[in-house]
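Source file: entry-v4.cif (mmCIF, C-alpha atoms and all ligand atoms)
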```cif
data_coords
loop_
_atom_site.label_atom_id
_atom_site.label_comp_id
_atom_site.auth_asym_id
_atom_site.auth_seq_id
_atom_site.Cartn_x
_atom_site.Cartn_y
_atom_site.Cartn_z
CA VAL A 1 0.00 0.00 0.00
CA ARG A 2 1.20 3.54 -0.71
CA VAL A 3 1.00 5.29 2.64
CA THR A 4 1.50 8.94 3.50
CA ILE A 5 2.09 9.75 7.13
CA VAL A 6 1.39 13.26 8.36
CA GLY A 7 3.80 14.11 11.18
CA ALA A 8 7.44 13.41 12.01
CA GLY A 9 7.32 13.36 15.80
CA VAL A 10 7.99 10.12 17.67
CA VAL A 11 4.57 8.72 16.69
CA GLY A 12 4.88 9.48 12.95
CA LEU A 13 8.49 8.28 12.65
CA THR A 14 7.92 5.04 14.58
CA THR A 15 4.83 4.35 12.48
CA ALA A 16 6.81 5.04 9.30
CA LEU A 17 9.49 2.57 10.35
CA GLU A 18 7.02 -0.19 11.22
CA LEU A 19 4.96 0.31 8.03
CA CYS A 20 8.06 0.20 5.90
CA ARG A 21 9.30 -2.96 7.69
CA ALA A 22 5.87 -4.49 6.93
CA GLY A 23 6.50 -3.93 3.21
CA HIS A 24 4.44 -0.82 2.50
CA THR A 25 5.66 2.14 0.43
CA VAL A 26 5.81 5.05 2.81
CA ASP A 27 6.42 8.77 2.72
CA VAL A 28 6.15 11.36 5.47
CA VAL A 29 4.93 14.96 5.26
CA ALA A 30 5.56 17.16 8.27
CA ARG A 31 5.52 20.82 9.18
CA ASP A 32 8.39 20.31 11.66
CA THR A 33 11.07 17.68 12.02
CA THR A 34 13.53 16.93 14.84
CA PRO A 35 14.71 18.97 16.75
CA GLY A 36 11.63 21.14 16.26
CA THR A 37 8.81 18.84 17.44
CA THR A 38 7.07 18.37 20.77
CA SER A 39 8.65 14.94 20.90
CA ASP A 40 12.06 16.62 21.16
CA VAL A 41 11.00 18.24 24.46
CA ALA A 42 9.85 14.99 26.11
CA ALA A 43 11.80 14.05 29.25
CA ALA A 44 11.45 11.11 28.15
CA ILE A 45 10.79 8.26 30.49
CA TRP A 46 8.60 5.22 29.83
CA TYR A 47 5.52 6.07 31.86
CA PRO A 48 1.86 6.11 30.79
CA TYR A 49 1.12 9.65 32.02
CA ARG A 50 -2.05 11.61 31.13
CA VAL A 51 -3.28 9.19 28.53
CA GLY A 52 -6.13 6.76 27.91
CA PRO A 53 -7.93 4.43 27.33
CA HIS A 54 -6.52 2.32 30.17
CA ASP A 55 -6.62 -1.17 28.67
CA ALA A 56 -5.21 -0.24 25.26
CA VAL A 57 -2.61 1.99 26.93
CA ALA A 58 -1.42 -0.90 29.12
CA ASP A 59 -0.97 -3.08 26.05
CA TRP A 60 0.73 -0.41 23.89
CA ALA A 61 3.01 0.53 26.79
CA ALA A 62 4.02 -3.10 27.46
CA GLN A 63 4.85 -3.68 23.79
CA SER A 64 6.89 -0.48 23.67
CA TYR A 65 8.74 -1.37 26.88
CA ARG A 66 9.95 -4.62 25.32
CA ILE A 67 11.21 -2.85 22.20
CA PHE A 68 12.94 -0.09 24.17
CA ALA A 69 14.63 -2.78 26.28
CA GLU A 70 16.07 -4.25 23.05
CA LEU A 71 17.09 -0.81 21.77
CA ALA A 72 18.92 -0.14 25.04
CA ARG A 73 21.55 -2.67 23.91
CA ASP A 74 22.68 -0.16 21.27
CA GLU A 75 24.06 3.06 22.78
CA ALA A 76 23.50 4.94 19.49
CA THR A 77 19.74 4.87 20.15
CA GLY A 78 20.07 6.95 23.34
CA VAL A 79 17.91 4.46 25.28
CA VAL A 80 18.94 3.23 28.73
CA ILE A 81 17.08 1.25 31.38
CA ARG A 82 17.16 2.96 34.75
CA GLN A 83 15.68 2.16 38.13
CA GLY A 84 13.68 4.80 39.90
CA THR A 85 10.91 5.68 42.30
CA GLU A 86 7.52 7.28 41.98
CA MET A 87 5.88 8.67 45.14
CA PHE A 88 2.20 9.52 45.74
CA ARG A 89 0.65 11.80 48.36
CA ASP A 90 -2.65 9.91 48.23
CA ARG A 91 -3.04 6.19 48.04
CA VAL A 92 -3.50 5.11 44.43
CA ALA A 93 -4.92 1.96 42.90
CA GLU A 94 -2.60 -0.54 41.27
CA PRO A 95 -1.70 0.93 37.86
CA ALA A 96 -3.43 -0.68 34.88
CA TRP A 97 -0.05 -0.76 33.11
CA ARG A 98 1.67 -2.67 35.94
CA ALA A 99 2.38 -5.75 33.79
CA GLY A 100 4.50 -3.59 31.47
CA ALA A 101 7.04 -2.83 34.20
CA THR A 102 7.93 -6.35 35.25
CA ASP A 103 10.01 -5.53 38.35
CA LEU A 104 7.55 -3.02 39.86
CA GLU A 105 7.32 -3.20 43.66
CA SER A 106 5.54 -1.06 46.24
CA VAL A 107 7.58 1.09 48.64
CA SER A 108 6.49 2.76 51.86
CA GLY A 109 5.66 6.45 51.80
CA GLY A 110 7.63 7.57 54.87
CA ASP A 111 6.47 10.82 56.52
CA HIS A 112 5.33 12.74 53.44
CA PHE A 113 3.75 10.23 51.08
CA ALA A 114 1.03 7.59 51.14
CA GLY A 115 3.25 5.21 49.21
CA GLY A 116 5.07 4.66 45.99
CA TYR A 117 6.48 2.31 43.41
CA ARG A 118 9.95 1.35 42.43
CA PHE A 119 10.69 -0.08 39.00
CA SER A 120 13.07 -0.06 36.05
CA ALA A 121 11.96 2.05 33.10
CA PRO A 122 13.44 2.90 29.73
CA VAL A 123 14.80 6.46 29.65
CA ILE A 124 14.98 7.76 26.12
CA ASP A 125 17.33 10.63 25.32
CA MET A 126 15.32 12.24 22.54
CA SER A 127 18.30 14.31 21.35
CA ARG A 128 19.87 11.01 20.27
CA TYR A 129 16.80 8.86 19.74
CA LEU A 130 14.87 11.02 17.26
CA PRO A 131 17.87 11.52 14.90
CA TRP A 132 18.50 7.75 15.15
CA LEU A 133 14.84 7.01 14.41
CA GLN A 134 14.71 9.47 11.52
CA ALA A 135 17.91 8.06 10.01
CA SER A 136 16.49 4.52 10.32
CA VAL A 137 13.32 5.63 8.54
CA GLU A 138 15.28 7.32 5.75
CA ARG A 139 17.52 4.27 5.37
CA GLY A 140 14.31 2.29 4.79
CA GLY A 141 13.69 4.45 1.72
CA VAL A 142 11.10 6.78 3.27
CA GLY A 143 11.16 10.37 2.01
CA ILE A 144 10.41 13.12 4.54
CA GLU A 145 8.95 16.28 3.03
CA ARG A 146 8.59 19.52 4.99
CA ALA A 147 5.11 20.90 4.30
CA VAL A 148 1.88 21.83 6.05
CA VAL A 149 -1.05 19.56 5.23
CA THR A 150 -4.45 21.22 5.32
CA ASP A 151 -6.60 18.53 3.72
CA LEU A 152 -6.24 14.79 4.37
CA GLY A 153 -8.78 14.12 1.61
CA ALA A 154 -6.47 15.55 -1.04
CA LEU A 155 -3.86 12.89 -0.17
CA VAL A 156 -6.52 10.17 -0.33
CA ASP A 157 -7.52 11.47 -3.79
CA GLU A 158 -3.93 10.86 -4.89
CA GLY A 159 -4.50 7.16 -4.17
CA ARG A 160 -2.82 6.92 -0.80
CA VAL A 161 -3.74 5.54 2.57
CA VAL A 162 -3.17 8.41 4.98
CA VAL A 163 -1.99 8.04 8.58
CA ASN A 164 -2.59 11.12 10.66
CA CYS A 165 0.16 11.43 13.31
CA ALA A 166 -0.09 15.22 13.61
CA GLY A 167 -0.19 15.36 17.43
CA LEU A 168 -1.67 18.68 18.53
CA GLY A 169 -1.99 19.62 14.83
CA ALA A 170 -4.81 17.05 14.59
CA ARG A 171 -7.07 19.49 16.38
CA GLU A 172 -7.39 21.41 13.10
CA LEU A 173 -6.42 18.75 10.59
CA ALA A 174 -9.04 16.27 11.84
CA ASP A 175 -11.38 18.99 13.05
CA ASP A 176 -11.22 17.49 16.55
CA PRO A 177 -11.76 20.07 19.34
CA THR A 178 -11.20 17.40 22.01
CA VAL A 179 -7.44 17.70 21.32
CA GLU A 180 -5.93 20.23 23.71
CA PRO A 181 -2.45 21.28 24.80
CA VAL A 182 -1.10 20.36 28.22
CA ARG A 183 1.83 22.73 28.53
CA GLY A 184 5.00 21.41 30.12
CA GLN A 185 8.30 23.10 30.97
CA VAL A 186 11.60 21.35 31.61
CA VAL A 187 15.13 22.31 32.64
CA ARG A 188 18.12 20.40 31.30
CA VAL A 189 21.23 20.29 33.51
CA ARG A 190 24.63 18.68 33.03
CA GLN A 191 24.92 15.10 34.25
CA ILE A 192 26.54 14.95 37.71
CA GLY A 193 26.50 11.20 38.23
CA ILE A 194 22.80 10.64 38.92
CA THR A 195 21.52 7.32 37.60
CA GLU A 196 18.08 6.86 39.24
CA TRP A 197 14.94 8.63 38.05
CA TYR A 198 12.43 10.13 40.49
CA ASP A 199 8.86 11.33 40.18
CA GLU A 200 6.39 12.66 42.75
CA ASP A 201 2.94 14.22 42.61
CA THR A 202 3.64 17.66 44.07
CA PRO A 203 0.37 19.58 44.72
CA GLY A 204 -0.32 21.86 41.75
CA ALA A 205 2.89 20.87 39.94
CA LEU A 206 5.09 17.99 38.92
CA THR A 207 8.49 17.09 40.26
CA TYR A 208 10.61 14.72 38.25
CA ILE A 209 14.28 13.97 37.70
CA VAL A 210 15.18 12.01 34.58
CA PRO A 211 18.89 11.20 34.24
CA ARG A 212 19.88 10.64 30.61
CA LEU A 213 23.39 9.80 29.44
CA ASP A 214 25.06 13.22 29.33
CA ASP A 215 22.45 15.37 31.03
CA ILE A 216 19.45 15.29 33.38
CA VAL A 217 15.97 16.54 32.55
CA LEU A 218 14.18 18.22 35.47
CA GLY A 219 10.49 18.98 35.52
CA GLY A 220 7.93 19.97 35.41
CA SER A 221 4.52 21.38 34.83
CA ALA A 222 1.23 20.36 33.24
CA GLU A 223 -1.18 23.17 32.36
CA ARG A 224 -4.13 22.11 30.29
CA GLY A 225 -5.39 24.63 27.73
CA ARG A 226 -2.31 26.86 27.88
CA TRP A 227 -0.88 27.46 24.38
CA ASP A 228 2.15 29.75 24.86
CA VAL A 229 5.59 28.19 24.48
CA GLU A 230 7.74 30.95 25.99
CA VAL A 231 9.94 29.72 28.84
CA ASP A 232 8.70 31.11 32.16
CA ALA A 233 11.71 32.11 34.31
CA SER A 234 9.82 31.82 37.59
CA GLU A 235 8.78 28.29 36.62
CA THR A 236 12.41 27.41 35.89
CA GLU A 237 13.33 28.57 39.40
CA ALA A 238 10.46 26.62 40.96
CA ILE A 239 11.43 23.44 39.10
CA MET A 240 15.05 23.79 40.24
CA ARG A 241 13.96 24.44 43.84
CA ARG A 242 11.70 21.38 43.97
CA CYS A 243 14.25 19.08 42.38
CA ILE A 244 17.09 20.30 44.62
CA ALA A 245 14.86 19.61 47.65
CA VAL A 246 14.68 15.98 46.48
CA GLU A 247 18.30 15.68 45.31
CA PRO A 248 20.59 18.33 46.92
CA ARG A 249 23.47 17.44 44.55
CA LEU A 250 21.52 19.17 41.76
CA ALA A 251 22.37 22.54 43.34
CA ASP A 252 25.82 22.19 41.72
CA ALA A 253 24.56 21.09 38.30
CA GLN A 254 25.08 23.52 35.44
CA VAL A 255 21.85 24.52 33.67
CA LEU A 256 22.23 23.76 29.95
CA SER A 257 18.84 24.76 28.56
CA THR A 258 15.15 25.20 29.27
CA ALA A 259 12.24 24.24 27.03
CA VAL A 260 8.47 24.23 26.80
CA GLY A 261 6.35 21.68 24.94
CA LEU A 262 2.63 21.24 24.42
CA ARG A 263 1.54 17.67 25.13
CA PRO A 264 -1.10 16.63 22.56
CA TRP A 265 -3.79 15.65 25.07
CA ARG A 266 -7.15 14.07 24.23
CA PRO A 267 -9.59 12.23 26.56
CA SER A 268 -8.20 9.09 24.91
CA VAL A 269 -5.83 8.31 22.06
CA ARG A 270 -7.60 8.20 18.68
CA LEU A 271 -6.30 5.12 16.90
CA ALA A 272 -8.82 4.02 14.27
CA THR A 273 -9.60 4.03 10.55
CA GLU A 274 -12.36 6.30 9.28
CA THR A 275 -15.36 4.35 8.02
CA ASP A 276 -15.70 5.93 4.58
CA ARG A 277 -12.13 6.69 3.48
CA PRO A 278 -8.64 5.22 4.00
CA VAL A 279 -7.52 7.57 6.75
CA VAL A 280 -6.03 6.08 9.91
CA HIS A 281 -5.81 8.44 12.85
CA CYS A 282 -3.10 8.01 15.49
CA TYR A 283 -2.93 11.05 17.74
CA GLY A 284 -3.77 12.37 21.20
CA HIS A 285 -0.97 10.64 23.15
CA GLY A 286 -0.85 13.31 25.89
CA GLY A 287 2.14 12.83 28.18
CA ALA A 288 2.97 9.37 26.89
CA GLY A 289 3.66 9.49 23.15
CA VAL A 290 7.14 8.04 23.56
CA THR A 291 5.90 5.39 26.01
CA LEU A 292 3.21 4.17 23.61
CA SER A 293 4.99 4.76 20.30
CA TRP A 294 5.89 1.17 19.33
CA GLY A 295 2.63 -0.42 20.46
CA CYS A 296 0.58 2.19 18.60
CA ALA A 297 2.74 1.92 15.46
CA ARG A 298 2.13 -1.84 15.37
CA GLU A 299 -1.60 -1.35 15.69
CA VAL A 300 -1.53 1.11 12.77
CA VAL A 301 0.29 -1.53 10.69
CA GLY A 302 -2.57 -3.95 11.48
CA LEU A 303 -5.13 -1.39 10.28
CA VAL A 304 -3.22 -0.66 7.06
CA ASP A 305 -2.77 -4.41 6.43
CA ALA A 306 -6.51 -4.90 6.94
CA TYR A 307 -7.19 -2.18 4.38
CA ASP A 308 -4.73 -3.89 2.00
CA ARG A 309 -6.57 -7.24 2.35
CA LYS A 310 -9.94 -5.57 1.68
CA GLY A 311 -8.29 -4.27 -1.51
C1 LIG A 401 7.63 18.61 29.02
C2 LIG A 401 7.19 17.32 28.40
C3 LIG A 401 7.63 16.13 28.95
C4 LIG A 401 7.22 14.91 28.38
N1 LIG A 401 7.71 13.76 28.92
C5 LIG A 401 7.33 12.58 28.39
C6 LIG A 401 7.83 11.37 28.91
O1 LIG A 401 8.62 11.36 29.85
N2 LIG A 401 7.44 10.20 28.33
C7 LIG A 401 6.56 10.17 27.28
O2 LIG A 401 6.23 9.09 26.80
N3 LIG A 401 6.07 11.32 26.77
C8 LIG A 401 6.42 12.51 27.30
N4 LIG A 401 5.91 13.67 26.80
C9 LIG A 401 4.82 13.60 25.81
C10 LIG A 401 5.36 13.40 24.41
O3 LIG A 401 6.28 14.41 24.12
C11 LIG A 401 4.20 13.43 23.41
O4 LIG A 401 3.17 12.55 23.78
C12 LIG A 401 4.71 13.01 22.04
O5 LIG A 401 5.80 13.82 21.68
C13 LIG A 401 3.64 13.09 20.98
O6 LIG A 401 4.24 12.71 19.77
P1 LIG A 401 3.56 13.02 18.39
O7 LIG A 401 4.46 12.45 17.34
O8 LIG A 401 2.14 12.61 18.41
O9 LIG A 401 3.54 14.62 18.31
P2 LIG A 401 4.64 15.68 17.88
O10 LIG A 401 5.97 15.37 18.40
O11 LIG A 401 4.04 17.01 18.24
O12 LIG A 401 4.69 15.57 16.32
C14 LIG A 401 3.61 16.01 15.51
C15 LIG A 401 4.11 16.10 14.08
O13 LIG A 401 3.02 16.49 13.25
C16 LIG A 401 3.41 17.61 12.47
N5 LIG A 401 2.20 18.34 12.10
C17 LIG A 401 1.23 18.83 12.91
N6 LIG A 401 0.26 19.41 12.17
C18 LIG A 401 0.64 19.29 10.86
C19 LIG A 401 0.07 19.66 9.63
N7 LIG A 401 -1.10 20.28 9.54
N8 LIG A 401 0.74 19.38 8.46
C20 LIG A 401 1.94 18.72 8.51
N9 LIG A 401 2.52 18.34 9.67
C21 LIG A 401 1.87 18.60 10.83
C22 LIG A 401 4.37 18.36 13.37
O14 LIG A 401 5.11 19.30 12.64
C23 LIG A 401 5.19 17.18 13.89
O15 LIG A 401 6.10 16.76 12.90
C24 LIG A 401 6.32 14.90 27.30
C25 LIG A 401 5.91 16.10 26.74
C26 LIG A 401 6.33 17.29 27.28
C27 LIG A 401 5.87 18.57 26.64
#
```
As structure tokens, how would this structure be written, given the file I've shared?
Amino acid sequence: VRVTIVGAGVVGLTTALELCRAGHTVDVVARDTTPGTTSDVAAAIWYPYRVGPHDAVADWAAQSYRIFAELARDEATGVVIRQGTEMFRDRVAEPAWRAGATDLESVSGGDHFAGGYRFSAPVIDMSRYLPWLQASVERGGVGIERAVVTDLGALVDEGRVVVNCAGLGARELADDPTVEPVRGQVVRVRQIGITEWYDEDTPGALTYIVPRLDDIVLGGSAERGRWDVEVDASETEAIMRRCIAVEPRLADAQVLSTAVGLRPWRPSVRLATETDRPVVHCYGHGGAGVTLSWGCAREVVGLVDAYDRKG
């Protein structure tokens, strides 16, 4: 099948790679490519955050975990498996995605928390991973064109199956007002020998520490409906303060950069083929597009294969 994918973030590129491995003829059209996508801002740790529906998410996340674990054997991918801890102020139910993180165990909350989990998770350094992914896609013979798509139907009229991986852009492209930004800010500091990730549910904010290979991503924030992408200096200070309270060694870490990204949130991921035309939608991954990328890409391949069989 001739397939055009709209979008070259982590979802579009992973889908392109899987479709091309399945034998389809693929090209990608995207307004932005790495390092200019939301995916480039992701922290990015394997964690199904701000995303639904629960059952499908658990399955997509588990599939992706297994693939990231394989990719971690090759340093060029920027993927490493790291142990870490997540702490909750209120008691939470067992996560639906628990099976994906095979070594997950409960930990006591001490004085400040109701409890927490400890598990190993893939940490994906997007500054290495996205260039690696894009190069893999291009090596597979996929062309990546920089352009804005305004009409999915026009691509269908050219005889293609279209896969819409436009992230937040799907709000307009698919005329879907349920897609909204959840704004997030991060601070990147030089690596100072930290190897464990940490995440806690701070009231009104997020606090996370994600140690990559050469640097550490500190976060964060999650403001639904906020569209501006200017870095907020007071937020940078607040993120540093919260992270230093958790890990005092960070006080000596040199700040390398700050960034803002808009998570493409939707009440649940839209992963389905339209009934009356060959358009497969795959968007709305919220705070978990990296975490779900491989599982979702494989499901898209199944939908395109099904279209192929129908002829
Ligand atoms: C601060 C922050 C931290 C995060 N941390 C994590 C994390 O730890 N783990 C995790 O799994 N996720 C994390 N995320 C979420 C993750 O970044 C997103 O879920 C993911 O990047 C979504 O990928 P995507 O490919 O759908 O979208 P994007 O990366 O936004 O890509 C969309 C693509 O579509 C293109 N496009 C849009 N509209 C059009 C159009 N009309 N025509 C042509 N092209 C178009 C864009 O140019 C781009 O190429 C984080 C996000 C933020 C902001």
Quick one: axis-aligned box around all listed atoms of ligand LIG 401 (chain A), 4 Å on every side, centre and edge lengths in Å to one decimal, written as JSON.
```
{"center_x": 3.8, "center_y": 14.7, "center_z": 19.2, "size_x": 17.7, "size_y": 19.2, "size_z": 29.4}
```
Region 255-260 of chain A surroundings by only C-alpha atoms, 12 Å radius, close-in-sequence under 4 positions cut, as number ranges by chain: A: 35-43, 181-192, 214-223, 226-237, 239-240, 250-251
Using all atoms listed in the file, which residues have at least one atom no more than 6 Å from ligand LIG 401 (chain A)? Output them as a ChimeraX atom specification. /A:6-12,29-33,37-39,41-47,147-150,165-169,173,184-186,261-263,283,285-291
Give me the residues within 8 Å of Val163 (chain A) as a PDB file with C-alpha atoms, keeping the file's coordinate frame, counting only C-alpha atoms and dropping any in the same chain fewer than 5 places off.
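Generated output (selection_14.pdb):
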```
ATOM      1  CA  VAL A   3       1.000   5.290   2.640  1.00  0.00           C
ATOM      2  CA  THR A   4       1.500   8.940   3.500  1.00  0.00           C
ATOM      3  CA  ILE A   5       2.090   9.750   7.130  1.00  0.00           C
ATOM      4  CA  VAL A   6       1.390  13.260   8.360  1.00  0.00           C
ATOM      5  CA  VAL A 279      -7.520   7.570   6.750  1.00  0.00           C
ATOM      6  CA  VAL A 280      -6.030   6.080   9.910  1.00  0.00           C
ATOM      7  CA  HIS A 281      -5.810   8.440  12.850  1.00  0.00           C
ATOM      8  CA  CYS A 282      -3.100   8.010  15.490  1.00  0.00           C
TER       9      CYS A 282
END
```
Distance in Å - CA of Ala135 (chain A) versus CA of Cys20 (chain A):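 CA of Cys20 (chain A) lies 13.3 Å from CA of Ala135 (chain A).
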Go ahead and compute the interatomic distance for CA of Ile67 (chain A) and CA of His24 (chain A), in Å to one decimal.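 Atom-to-atom, CA of Ile67 (chain A) to CA of His24 (chain A), that is 20.9 Å.
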Could you tell me how far CA of Gly109 (chain A) sits from CA of Tyr198 (chain A), in Å to one decimal place?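 Calculated distance between CA of Tyr198 (chain A) and CA of Gly109 (chain A) is 13.7 Å.
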Smallest atom-to-atom distance to Val300 (chain A): which of A:His54, A:Arg249, A:Arg277, A:Arg270, using only C-alpha atoms?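 So, comparing all the options, the nearest one is A:Arg270.
Each of A:Val123, A:Glu158, A:Leu271, A:Tyr49 was checked against Arg298 (chain A) using only C-alpha atoms; the smallest atom-to-atom distance is that of A:Leu271.
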Choose the residue, out of A:Arg82, A:Arg266, A:Arg146, A:Arg139, that has the smallest atom-to-atom separation from Leu213 (chain A); count only C-alpha atoms.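 That would be A:Arg82, the residue with the smallest distance to Leu213 (chain A).
Each of A:Glu105, A:Tyr307, A:Glu172, A:Glu70 was checked against Thr275 (chain A) using all atoms listed in the file; the smallest atom-to-atom distance is that of A:Tyr307.
Remark: for Gly115 (chain A), the closest of the candidate residues A:Glu145, A:Asp201, A:Asp59, A:Asp175 is A:Asp201 (distances computed over only C-alpha atoms).
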Set the distance at 10 Å and use only C-alpha atoms: which residues neighbour Gly116 (chain A) once local chain neighbours fewer than 3 positions away are removed? I'd like the list as a PyMOL selection string. chain A and resi 85-92+105-110+113+199-200
Using all atoms listed in the file for the distances, tell me which of A:Tyr208, A:Asp276, A:Val28, A:Leu133 is nearest to Ile244 (chain A). A:Tyr208
Assuming the input is short of atoms at region 66-79 of chain A, produce N, CA and C atoms for that part as a PDB file, in the coordinates of the input.
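In the end it all went to result-v5.pdb:
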```
ATOM      1  N   ARG A  66       9.107  -3.515  25.800  1.00  0.00           N
ATOM      2  CA  ARG A  66       9.950  -4.620  25.320  1.00  0.00           C
ATOM      3  C   ARG A  66      10.884  -4.148  24.206  1.00  0.00           C
ATOM      4  N   ILE A  67      10.366  -3.307  23.320  1.00  0.00           N
ATOM      5  CA  ILE A  67      11.210  -2.850  22.200  1.00  0.00           C
ATOM      6  C   ILE A  67      12.292  -1.880  22.714  1.00  0.00           C
ATOM      7  N   PHE A  68      11.923  -0.996  23.615  1.00  0.00           N
ATOM      8  CA  PHE A  68      12.940  -0.090  24.170  1.00  0.00           C
ATOM      9  C   PHE A  68      14.036  -0.881  24.899  1.00  0.00           C
ATOM     10  N   ALA A  69      13.628  -1.963  25.572  1.00  0.00           N
ATOM     11  CA  ALA A  69      14.630  -2.780  26.280  1.00  0.00           C
ATOM     12  C   ALA A  69      15.629  -3.374  25.274  1.00  0.00           C
ATOM     13  N   GLU A  70      15.147  -3.753  24.097  1.00  0.00           N
ATOM     14  CA  GLU A  70      16.070  -4.250  23.050  1.00  0.00           C
ATOM     15  C   GLU A  70      16.949  -3.114  22.533  1.00  0.00           C
ATOM     16  N   LEU A  71      16.335  -1.947  22.316  1.00  0.00           N
ATOM     17  CA  LEU A  71      17.090  -0.810  21.770  1.00  0.00           C
ATOM     18  C   LEU A  71      18.179  -0.345  22.740  1.00  0.00           C
ATOM     19  N   ALA A  72      17.950  -0.578  24.037  1.00  0.00           N
ATOM     20  CA  ALA A  72      18.920  -0.140  25.040  1.00  0.00           C
ATOM     21  C   ALA A  72      20.261  -0.854  24.899  1.00  0.00           C
ATOM     22  N   ARG A  73      20.268  -1.959  24.118  1.00  0.00           N
ATOM     23  CA  ARG A  73      21.550  -2.670  23.910  1.00  0.00           C
ATOM     24  C   ARG A  73      22.462  -1.896  22.968  1.00  0.00           C
ATOM     25  N   ASP A  74      21.903  -0.933  22.224  1.00  0.00           N
ATOM     26  CA  ASP A  74      22.680  -0.160  21.270  1.00  0.00           C
ATOM     27  C   ASP A  74      22.759   1.303  21.735  1.00  0.00           C
ATOM     28  N   GLU A  75      23.915   1.721  22.194  1.00  0.00           N
ATOM     29  CA  GLU A  75      24.060   3.060  22.780  1.00  0.00           C
ATOM     30  C   GLU A  75      23.665   4.173  21.809  1.00  0.00           C
ATOM     31  N   ALA A  76      23.804   3.909  20.502  1.00  0.00           N
ATOM     32  CA  ALA A  76      23.500   4.940  19.490  1.00  0.00           C
ATOM     33  C   ALA A  76      22.029   5.369  19.541  1.00  0.00           C
ATOM     34  N   THR A  77      21.165   4.517  20.108  1.00  0.00           N
ATOM     35  CA  THR A  77      19.740   4.870  20.150  1.00  0.00           C
ATOM     36  C   THR A  77      19.443   5.899  21.253  1.00  0.00           C
ATOM     37  N   GLY A  78      20.327   6.023  22.229  1.00  0.00           N
ATOM     38  CA  GLY A  78      20.070   6.950  23.340  1.00  0.00           C
ATOM     39  C   GLY A  78      19.132   6.380  24.401  1.00  0.00           C
ATOM     40  N   VAL A  79      18.834   5.071  24.312  1.00  0.00           N
ATOM     41  CA  VAL A  79      17.910   4.460  25.280  1.00  0.00           C
ATOM     42  C   VAL A  79      18.714   3.741  26.365  1.00  0.00           C
TER      43      VAL A  79
END
```
